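Undergrad: Input file: data37.pdb. Contents: PDB, C-alpha atoms, pLDDT in the B column.
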```
ATOM      1  CA  MET V  21      -7.982  -1.849 -33.951  1.00 54.00           C
ATOM      2  CA  MET V  22      -7.367  -2.393 -30.250  1.00 57.00           C
ATOM      3  CA  ALA V  23      -9.763  -1.071 -27.663  1.00 56.00           C
ATOM      4  CA  ASP V  24      -8.541   1.446 -25.136  1.00 54.00           C
ATOM      5  CA  PRO V  25      -7.616  -0.169 -21.824  1.00 54.00           C
ATOM      6  CA  ALA V  26     -10.174   0.184 -19.059  1.00 58.00           C
ATOM      7  CA  PRO V  27      -9.732   3.299 -16.968  1.00 54.00           C
ATOM      8  CA  GLY V  28      -8.116   2.775 -13.592  1.00 56.00           C
ATOM      9  CA  PRO V  29      -4.693   2.458 -12.040  1.00 57.00           C
ATOM     10  CA  ARG V  30      -1.883   0.775 -13.889  1.00 62.00           C
ATOM     11  CA  MET V  31       0.164  -1.926 -12.184  1.00 57.00           C
ATOM     12  CA  THR V  32       3.034   0.511 -11.687  1.00 69.00           C
ATOM     13  CA  GLU V  33       0.707   2.965  -9.944  1.00 77.00           C
ATOM     14  CA  LEU V  34      -0.596   0.532  -7.331  1.00 78.00           C
ATOM     15  CA  PRO V  35       0.519   0.843  -3.706  1.00 81.00           C
ATOM     16  CA  GLU V  36       2.698  -1.859  -2.161  1.00 81.00           C
ATOM     17  CA  ILE V  37       0.937  -4.826  -0.627  1.00 81.00           C
ATOM     18  CA  PRO V  38       0.431  -4.069   3.085  1.00 81.00           C
ATOM     19  CA  SER V  39       2.585  -6.075   5.478  1.00 81.00           C
ATOM     20  CA  SER V  40       0.799  -5.532   8.787  1.00 84.00           C
ATOM     21  CA  PHE V  41      -0.304  -8.547  10.804  1.00 90.00           C
ATOM     22  CA  SER V  42      -3.994  -8.921  11.630  1.00 89.00           C
ATOM     23  CA  GLN V  43      -5.467 -10.852  14.554  1.00 95.00           C
ATOM     24  CA  ALA V  44      -4.115 -14.414  14.722  1.00 95.00           C
ATOM     25  CA  ILE V  45      -6.727 -17.020  13.822  1.00 96.00           C
ATOM     26  CA  ALA V  46      -4.441 -20.069  13.894  1.00 96.00           C
ATOM     27  CA  THR V  47      -1.219 -20.811  15.770  1.00 97.00           C
ATOM     28  CA  ARG V  48       1.087 -23.808  15.781  1.00 96.00           C
ATOM     29  CA  ASP V  49       4.228 -24.335  17.840  1.00 97.00           C
ATOM     30  CA  LEU V  50       6.894 -26.672  16.479  1.00 97.00           C
ATOM     31  CA  ASP V  51      10.328 -27.725  17.671  1.00 97.00           C
ATOM     32  CA  VAL V  52      13.265 -27.194  15.319  1.00 96.00           C
ATOM     33  CA  VAL V  53      16.184 -29.591  15.857  1.00 96.00           C
ATOM     34  CA  ARG V  54      19.551 -28.444  14.469  1.00 93.00           C
ATOM     35  CA  ASP V  55      22.849 -30.089  15.317  1.00 93.00           C
ATOM     36  CA  GLY V  56      21.327 -31.727  18.387  1.00 92.00           C
ATOM     37  CA  ARG V  57      19.899 -28.442  19.734  1.00 94.00           C
ATOM     38  CA  THR V  58      16.182 -27.757  19.926  1.00 95.00           C
ATOM     39  CA  SER V  59      14.462 -24.392  19.628  1.00 96.00           C
ATOM     40  CA  GLY V  60      10.823 -23.421  19.345  1.00 97.00           C
ATOM     41  CA  LEU V  61       9.145 -22.100  16.218  1.00 97.00           C
ATOM     42  CA  ARG V  62       5.798 -20.312  16.396  1.00 97.00           C
ATOM     43  CA  ILE V  63       3.671 -20.098  13.257  1.00 97.00           C
ATOM     44  CA  GLU V  64       0.735 -17.709  13.223  1.00 97.00           C
ATOM     45  CA  ILE V  65      -1.795 -17.181  10.461  1.00 97.00           C
ATOM     46  CA  GLY V  66      -3.679 -13.916  10.613  1.00 96.00           C
ATOM     47  CA  GLN V  67      -7.271 -13.176   9.741  1.00 96.00           C
ATOM     48  CA  PRO V  68      -7.706 -12.483   6.018  1.00 95.00           C
ATOM     49  CA  VAL V  69      -8.109  -8.780   5.239  1.00 93.00           C
ATOM     50  CA  GLN V  70      -9.303  -7.112   2.057  1.00 93.00           C
ATOM     51  CA  ASP V  71      -6.576  -4.501   1.623  1.00 87.00           C
ATOM     52  CA  VAL V  72      -4.629  -5.385  -1.535  1.00 85.00           C
ATOM     53  CA  ALA V  73      -5.218  -2.850  -4.305  1.00 84.00           C
ATOM     54  CA  THR V  74      -5.404  -4.343  -7.784  1.00 86.00           C
ATOM     55  CA  VAL V  75      -6.233  -2.874 -11.173  1.00 83.00           C
ATOM     56  CA  THR V  76      -9.751  -4.287 -10.847  1.00 84.00           C
ATOM     57  CA  GLY V  77     -10.491  -3.490  -7.189  1.00 86.00           C
ATOM     58  CA  MET V  78      -9.421  -4.870  -3.828  1.00 88.00           C
ATOM     59  CA  ASP V  79      -8.130  -8.408  -3.241  1.00 90.00           C
ATOM     60  CA  TRP V  80      -7.537 -10.261  -0.005  1.00 92.00           C
ATOM     61  CA  ARG V  81      -4.378 -10.927   1.979  1.00 93.00           C
ATOM     62  CA  CYS V  82      -3.747 -13.488   4.692  1.00 95.00           C
ATOM     63  CA  PRO V  83      -0.704 -12.579   6.799  1.00 95.00           C
ATOM     64  CA  LEU V  84       1.705 -15.178   8.103  1.00 96.00           C
ATOM     65  CA  ARG V  85       4.180 -14.693  10.958  1.00 96.00           C
ATOM     66  CA  LEU V  86       6.977 -17.097  11.884  1.00 96.00           C
ATOM     67  CA  GLN V  87       9.407 -16.688  14.749  1.00 95.00           C
ATOM     68  CA  GLU V  88      12.032 -19.067  16.023  1.00 93.00           C
ATOM     69  CA  ASP V  89      13.184 -18.655  19.630  1.00 92.00           C
ATOM     70  CA  GLY V  90      15.374 -15.568  19.769  1.00 84.00           C
ATOM     71  CA  GLY V  91      15.269 -15.149  15.998  1.00 88.00           C
ATOM     72  CA  GLU V  92      13.895 -12.562  13.663  1.00 88.00           C
ATOM     73  CA  VAL V  93      10.184 -12.358  12.979  1.00 92.00           C
ATOM     74  CA  ARG V  94       9.406 -13.302   9.392  1.00 93.00           C
ATOM     75  CA  LEU V  95       6.244 -11.727   7.990  1.00 95.00           C
ATOM     76  CA  ARG V  96       4.797 -13.034   4.759  1.00 94.00           C
ATOM     77  CA  SER V  97       1.457 -12.616   3.015  1.00 95.00           C
ATOM     78  CA  ALA V  98      -0.611 -14.848   0.776  1.00 94.00           C
ATOM     79  CA  CYS V  99      -2.971 -12.980  -1.548  1.00 92.00           C
ATOM     80  CA  GLY V 100      -6.115 -14.156  -3.250  1.00 94.00           C
ATOM     81  CA  ILE V 101      -9.259 -12.975  -4.977  1.00 94.00           C
ATOM     82  CA  ASP V 102     -11.278 -13.768  -1.855  1.00 94.00           C
ATOM     83  CA  ALA V 103     -10.649 -14.604   1.796  1.00 95.00           C
ATOM     84  CA  TYR V 104     -10.911 -18.339   1.136  1.00 97.00           C
ATOM     85  CA  GLN V 105      -8.164 -18.338  -1.507  1.00 96.00           C
ATOM     86  CA  ALA V 106      -5.893 -16.110   0.604  1.00 95.00           C
ATOM     87  CA  LEU V 107      -6.287 -18.449   3.598  1.00 97.00           C
ATOM     88  CA  ARG V 108      -5.725 -21.546   1.465  1.00 97.00           C
ATOM     89  CA  LEU V 109      -2.582 -20.054  -0.040  1.00 96.00           C
ATOM     90  CA  ALA V 110      -1.348 -19.100   3.445  1.00 97.00           C
ATOM     91  CA  PHE V 111      -1.196 -22.797   4.341  1.00 95.00           C
ATOM     92  CA  ASP V 112       0.812 -23.452   1.162  1.00 96.00           C
ATOM     93  CA  LEU V 113       3.143 -20.631   2.197  1.00 96.00           C
ATOM     94  CA  VAL V 114       3.619 -22.224   5.633  1.00 96.00           C
ATOM     95  CA  ALA V 115       4.662 -25.475   3.943  1.00 95.00           C
ATOM     96  CA  GLN V 116       7.095 -23.573   1.707  1.00 96.00           C
ATOM     97  CA  GLU V 117       8.647 -21.744   4.677  1.00 95.00           C
ATOM     98  CA  LEU V 118       8.995 -24.997   6.644  1.00 96.00           C
ATOM     99  CA  GLY V 119      10.485 -26.679   3.594  1.00 95.00           C
ATOM    100  CA  GLU V 120      13.161 -23.982   3.482  1.00 94.00           C
ATOM    101  CA  ILE V 121      13.971 -24.673   7.141  1.00 94.00           C
ATOM    102  CA  THR V 122      14.272 -28.421   6.607  1.00 95.00           C
ATOM    103  CA  ALA V 123      16.358 -27.877   3.448  1.00 95.00           C
ATOM    104  CA  THR V 124      19.111 -26.578   5.746  1.00 93.00           C
ATOM    105  CA  GLY V 125      19.229 -29.976   7.473  1.00 94.00           C
ATOM    106  CA  ALA V 126      16.999 -29.035  10.393  1.00 95.00           C
ATOM    107  CA  ARG V 127      14.286 -31.438  11.507  1.00 95.00           C
ATOM    108  CA  LEU V 128      10.848 -30.471  12.791  1.00 96.00           C
ATOM    109  CA  ARG V 129       8.879 -32.002  15.663  1.00 95.00           C
ATOM    110  CA  PHE V 130       5.266 -31.590  16.732  1.00 94.00           C
ATOM    111  CA  LEU V 131       3.568 -33.375  19.663  1.00 91.00           C
ATOM    112  CA  ASP V 132       6.845 -35.218  20.357  1.00 89.00           C
ATOM    113  CA  CYS V 133       6.807 -36.770  16.884  1.00 92.00           C
ATOM    114  CA  PRO V 134       8.599 -35.935  13.648  1.00 93.00           C
ATOM    115  CA  TYR V 135       6.560 -33.397  11.680  1.00 94.00           C
ATOM    116  CA  ASP V 136       5.547 -34.081   8.087  1.00 91.00           C
ATOM    117  CA  VAL V 137       5.647 -30.737   6.236  1.00 91.00           C
ATOM    118  CA  ALA V 138       3.539 -32.013   3.327  1.00 88.00           C
ATOM    119  CA  SER V 139       0.572 -33.106   5.449  1.00 88.00           C
ATOM    120  CA  GLY V 140       1.027 -30.675   8.352  1.00 88.00           C
ATOM    121  CA  LEU V 141       0.660 -33.566  10.778  1.00 89.00           C
ATOM    122  CA  PRO V 142       2.911 -35.397  13.192  1.00 88.00           C
ATOM    123  CA  ASP V 143       4.219 -38.595  11.671  1.00 82.00           C
ATOM    124  CA  PRO V 144       5.034 -41.211  14.299  1.00 70.00           C
ATOM    125  CA  GLY V 145       6.332 -43.490  11.518  1.00 75.00           C
ATOM    126  CA  MET V 146       9.174 -41.128  10.613  1.00 66.00           C
ATOM    127  CA  PRO V 147      12.567 -41.658  12.260  1.00 63.00           C
ATOM    128  CA  PRO V 148      13.159 -39.251  15.166  1.00 60.00           C
ATOM    129  CA  PRO V 149      15.492 -36.298  14.631  1.00 57.00           C
ATOM    130  CA  GLY V 150      19.102 -37.086  15.489  1.00 57.00           C
TER
END
```
Can you turn what I pasted into structure tokens?
TA:
Amino acid sequence: MMADPAPGPRMTELPEIPSSFSQAIATRDLDVVRDGRTSGLRIEIGQPVQDVATVTGMDWRCPLRLQEDGGEVRLRSACGIDAYQALRLAFDLVAQELGEITATGARLRFLDCPYDVASGLPDPGMPPPG
């Protein structure tokens, strides 16, 4: 005989994950090189906030904001069971977003060097964007 599920909200009854941006705690500006043209890309990671309703309580969310010069603002969120996990996953989300940009053939630069998405560091050993 199965036990009754614990009282509380069901997954379908939970509110949507908030999408507001909190205070920026980390910012990085990169150059995006496409077809010989360069534009700026600002990446901002917001302060983790505990505002994600779950069936067992409240989890944490770390907002991420990306904006290329003159482009749309992309807001994303990484969620975790605590602020540490949400922040850690936000950095993974940055790498995923940058990977999507480079998959289109664009190249990234940081501190006048090619930017290595995997490490998050400039890589002077990489060939410069063409």
Undergrad: Let me make sure I understand: among V:Gln87, V:Thr124, V:Gln116, V:Ser97, which one has the smallest atom-to-atom distance to Val69 of chain V if we use all atoms listed in the file?
TA: V:Ser97
Undergrad: When the PyMOL selection byres ((chain V and resi 60-66) around 10) is applied to the structure above, which residues does it catch, written out as a PyMOL selection string?
TA: chain V and resi 40-53+58-59+67-69+81-91+93-97+107+110-111+114+118+128-129
Undergrad: Using C-alpha atoms, can you write the selected residues to a file as a PDB file, in the frame of the given file?
TA:
```
ATOM      1  CA  SER V  40       0.799  -5.532   8.787  1.00 84.00           C
ATOM      2  CA  PHE V  41      -0.304  -8.547  10.804  1.00 90.00           C
ATOM      3  CA  SER V  42      -3.994  -8.921  11.630  1.00 89.00           C
ATOM      4  CA  GLN V  43      -5.467 -10.852  14.554  1.00 95.00           C
ATOM      5  CA  ALA V  44      -4.115 -14.414  14.722  1.00 95.00           C
ATOM      6  CA  ILE V  45      -6.727 -17.020  13.822  1.00 96.00           C
ATOM      7  CA  ALA V  46      -4.441 -20.069  13.894  1.00 96.00           C
ATOM      8  CA  THR V  47      -1.219 -20.811  15.770  1.00 97.00           C
ATOM      9  CA  ARG V  48       1.087 -23.808  15.781  1.00 96.00           C
ATOM     10  CA  ASP V  49       4.228 -24.335  17.840  1.00 97.00           C
ATOM     11  CA  LEU V  50       6.894 -26.672  16.479  1.00 97.00           C
ATOM     12  CA  ASP V  51      10.328 -27.725  17.671  1.00 97.00           C
ATOM     13  CA  VAL V  52      13.265 -27.194  15.319  1.00 96.00           C
ATOM     14  CA  VAL V  53      16.184 -29.591  15.857  1.00 96.00           C
ATOM     15  CA  THR V  58      16.182 -27.757  19.926  1.00 95.00           C
ATOM     16  CA  SER V  59      14.462 -24.392  19.628  1.00 96.00           C
ATOM     17  CA  GLN V  67      -7.271 -13.176   9.741  1.00 96.00           C
ATOM     18  CA  PRO V  68      -7.706 -12.483   6.018  1.00 95.00           C
ATOM     19  CA  VAL V  69      -8.109  -8.780   5.239  1.00 93.00           C
ATOM     20  CA  ARG V  81      -4.378 -10.927   1.979  1.00 93.00           C
ATOM     21  CA  CYS V  82      -3.747 -13.488   4.692  1.00 95.00           C
ATOM     22  CA  PRO V  83      -0.704 -12.579   6.799  1.00 95.00           C
ATOM     23  CA  LEU V  84       1.705 -15.178   8.103  1.00 96.00           C
ATOM     24  CA  ARG V  85       4.180 -14.693  10.958  1.00 96.00           C
ATOM     25  CA  LEU V  86       6.977 -17.097  11.884  1.00 96.00           C
ATOM     26  CA  GLN V  87       9.407 -16.688  14.749  1.00 95.00           C
ATOM     27  CA  GLU V  88      12.032 -19.067  16.023  1.00 93.00           C
ATOM     28  CA  ASP V  89      13.184 -18.655  19.630  1.00 92.00           C
ATOM     29  CA  GLY V  90      15.374 -15.568  19.769  1.00 84.00           C
ATOM     30  CA  GLY V  91      15.269 -15.149  15.998  1.00 88.00           C
ATOM     31  CA  VAL V  93      10.184 -12.358  12.979  1.00 92.00           C
ATOM     32  CA  ARG V  94       9.406 -13.302   9.392  1.00 93.00           C
ATOM     33  CA  LEU V  95       6.244 -11.727   7.990  1.00 95.00           C
ATOM     34  CA  ARG V  96       4.797 -13.034   4.759  1.00 94.00           C
ATOM     35  CA  SER V  97       1.457 -12.616   3.015  1.00 95.00           C
ATOM     36  CA  LEU V 107      -6.287 -18.449   3.598  1.00 97.00           C
ATOM     37  CA  ALA V 110      -1.348 -19.100   3.445  1.00 97.00           C
ATOM     38  CA  PHE V 111      -1.196 -22.797   4.341  1.00 95.00           C
ATOM     39  CA  VAL V 114       3.619 -22.224   5.633  1.00 96.00           C
ATOM     40  CA  LEU V 118       8.995 -24.997   6.644  1.00 96.00           C
ATOM     41  CA  LEU V 128      10.848 -30.471  12.791  1.00 96.00           C
ATOM     42  CA  ARG V 129       8.879 -32.002  15.663  1.00 95.00           C
TER      43      ARG V 129
END
```
Undergrad: For atom CA of Gly140 of chain V and atom CA of Ser39 of chain V, quote the distance in Å rounded to one decimal.
TA: 24.8 Å
Undergrad: Which one of V:Leu109, V:Val75, V:Asp143, V:Arg54 sits closest to Glu33 of chain V if you count only C-alpha atoms?
TA: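 Smallest separation from Glu33 of chain V among the options: V:Val75.
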Undergrad: Under the rule that only C-alpha atoms are counted, which of V:Tyr104, V:Glu117, V:Ala98, V:Ile37 is the nearest residue to Met78 of chain V?
TA: V:Ile37
Undergrad: I need the residue nearest Arg108 of chain V from this list: V:Asp136, V:Pro142, V:Trp80, V:Leu131. Use all atoms listed in the file for the distance.
TA: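 Of the candidates, the smallest distance to Arg108 of chain V is held by V:Trp80.
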Undergrad: Report, in Å to a single decimal, how far apart atom CA of Glu120 of chain V and atom CA of Cys133 of chain V are.
TA: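 About the pair atom CA of Cys133 of chain V and atom CA of Glu120 of chain V: they are 19.6 Å apart.
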Undergrad: Could N, CA and C atoms be built for segment 116-143 of chain V and written out as an mmCIF file, keeping the file's coordinate frame?
TA:
```
data_model
loop_
_atom_site.group_PDB
_atom_site.id
_atom_site.type_symbol
_atom_site.label_atom_id
_atom_site.label_comp_id
_atom_site.auth_asym_id
_atom_site.auth_seq_id
_atom_site.Cartn_x
_atom_site.Cartn_y
_atom_site.Cartn_z
ATOM 1 N N GLN V 116 5.895 -24.035 2.404
ATOM 2 C CA GLN V 116 7.095 -23.573 1.707
ATOM 3 C C GLN V 116 8.141 -23.072 2.700
ATOM 4 N N GLU V 117 7.718 -22.270 3.672
ATOM 5 C CA GLU V 117 8.647 -21.744 4.677
ATOM 6 C C GLU V 117 9.274 -22.882 5.486
ATOM 7 N N LEU V 118 8.468 -23.862 5.880
ATOM 8 C CA LEU V 118 8.995 -24.997 6.644
ATOM 9 C C LEU V 118 9.920 -25.846 5.783
ATOM 10 N N GLY V 119 9.605 -25.963 4.508
ATOM 11 C CA GLY V 119 10.485 -26.679 3.594
ATOM 12 C C GLY V 119 11.850 -26.023 3.492
ATOM 13 N N GLU V 120 11.875 -24.692 3.516
ATOM 14 C CA GLU V 120 13.161 -23.982 3.482
ATOM 15 C C GLU V 120 13.964 -24.253 4.752
ATOM 16 N N ILE V 121 13.274 -24.368 5.881
ATOM 17 C CA ILE V 121 13.971 -24.673 7.141
ATOM 18 C C ILE V 121 14.554 -26.080 7.091
ATOM 19 N N THR V 122 13.767 -27.050 6.631
ATOM 20 C CA THR V 122 14.272 -28.421 6.607
ATOM 21 C C THR V 122 15.332 -28.625 5.523
ATOM 22 N N ALA V 123 15.334 -27.778 4.491
ATOM 23 C CA ALA V 123 16.358 -27.877 3.448
ATOM 24 C C ALA V 123 17.750 -27.569 3.996
ATOM 25 N N THR V 124 17.821 -26.888 5.122
ATOM 26 C CA THR V 124 19.111 -26.578 5.746
ATOM 27 C C THR V 124 19.622 -27.736 6.603
ATOM 28 N N GLY V 125 18.835 -28.823 6.667
ATOM 29 C CA GLY V 125 19.229 -29.976 7.473
ATOM 30 C C GLY V 125 18.520 -30.035 8.816
ATOM 31 N N ALA V 126 17.748 -29.023 9.145
ATOM 32 C CA ALA V 126 16.999 -29.035 10.393
ATOM 33 C C ALA V 126 15.852 -30.031 10.296
ATOM 34 N N ARG V 127 15.442 -30.542 11.427
ATOM 35 C CA ARG V 127 14.286 -31.438 11.507
ATOM 36 C C ARG V 127 13.220 -30.773 12.355
ATOM 37 N N LEU V 128 11.971 -31.064 12.063
ATOM 38 C CA LEU V 128 10.848 -30.471 12.791
ATOM 39 C C LEU V 128 10.135 -31.533 13.605
ATOM 40 N N ARG V 129 9.650 -31.110 14.788
ATOM 41 C CA ARG V 129 8.879 -32.002 15.663
ATOM 42 C C ARG V 129 7.609 -31.292 16.101
ATOM 43 N N PHE V 130 6.543 -32.094 16.255
ATOM 44 C CA PHE V 130 5.266 -31.590 16.732
ATOM 45 C C PHE V 130 4.623 -32.708 17.558
ATOM 46 N N LEU V 131 4.164 -32.387 18.756
ATOM 47 C CA LEU V 131 3.568 -33.375 19.663
ATOM 48 C C LEU V 131 4.519 -34.546 19.917
ATOM 49 N N ASP V 132 5.797 -34.223 20.085
ATOM 50 C CA ASP V 132 6.845 -35.218 20.357
ATOM 51 C C ASP V 132 7.034 -36.242 19.244
ATOM 52 N N CYS V 133 6.618 -35.888 18.040
ATOM 53 C CA CYS V 133 6.807 -36.770 16.884
ATOM 54 C C CYS V 133 7.441 -35.964 15.753
ATOM 55 N N PRO V 134 8.136 -36.634 14.848
ATOM 56 C CA PRO V 134 8.599 -35.935 13.648
ATOM 57 C C PRO V 134 7.406 -35.311 12.933
ATOM 58 N N TYR V 135 7.619 -34.154 12.333
ATOM 59 C CA TYR V 135 6.560 -33.397 11.680
ATOM 60 C C TYR V 135 6.674 -33.534 10.179
ATOM 61 N N ASP V 136 5.589 -33.930 9.540
ATOM 62 C CA ASP V 136 5.547 -34.081 8.087
ATOM 63 C C ASP V 136 5.071 -32.767 7.477
ATOM 64 N N VAL V 137 5.969 -32.046 6.802
ATOM 65 C CA VAL V 137 5.647 -30.737 6.236
ATOM 66 C C VAL V 137 4.528 -30.840 5.207
ATOM 67 N N ALA V 138 4.530 -31.884 4.396
ATOM 68 C CA ALA V 138 3.539 -32.013 3.327
ATOM 69 C C ALA V 138 2.114 -32.127 3.870
ATOM 70 N N SER V 139 1.927 -32.904 4.919
ATOM 71 C CA SER V 139 0.572 -33.106 5.449
ATOM 72 C C SER V 139 0.243 -32.118 6.574
ATOM 73 N N GLY V 140 1.262 -31.552 7.203
ATOM 74 C CA GLY V 140 1.027 -30.675 8.352
ATOM 75 C C GLY V 140 0.660 -31.436 9.596
ATOM 76 N N LEU V 141 1.017 -32.709 9.639
ATOM 77 C CA LEU V 141 0.660 -33.566 10.778
ATOM 78 C C LEU V 141 1.904 -34.228 11.367
ATOM 79 N N PRO V 142 1.809 -34.605 12.645
ATOM 80 C CA PRO V 142 2.911 -35.397 13.192
ATOM 81 C C PRO V 142 2.919 -36.761 12.523
ATOM 82 N N ASP V 143 4.094 -37.312 12.332
ATOM 83 C CA ASP V 143 4.219 -38.595 11.671
ATOM 84 C C ASP V 143 5.014 -39.545 12.563
#
```
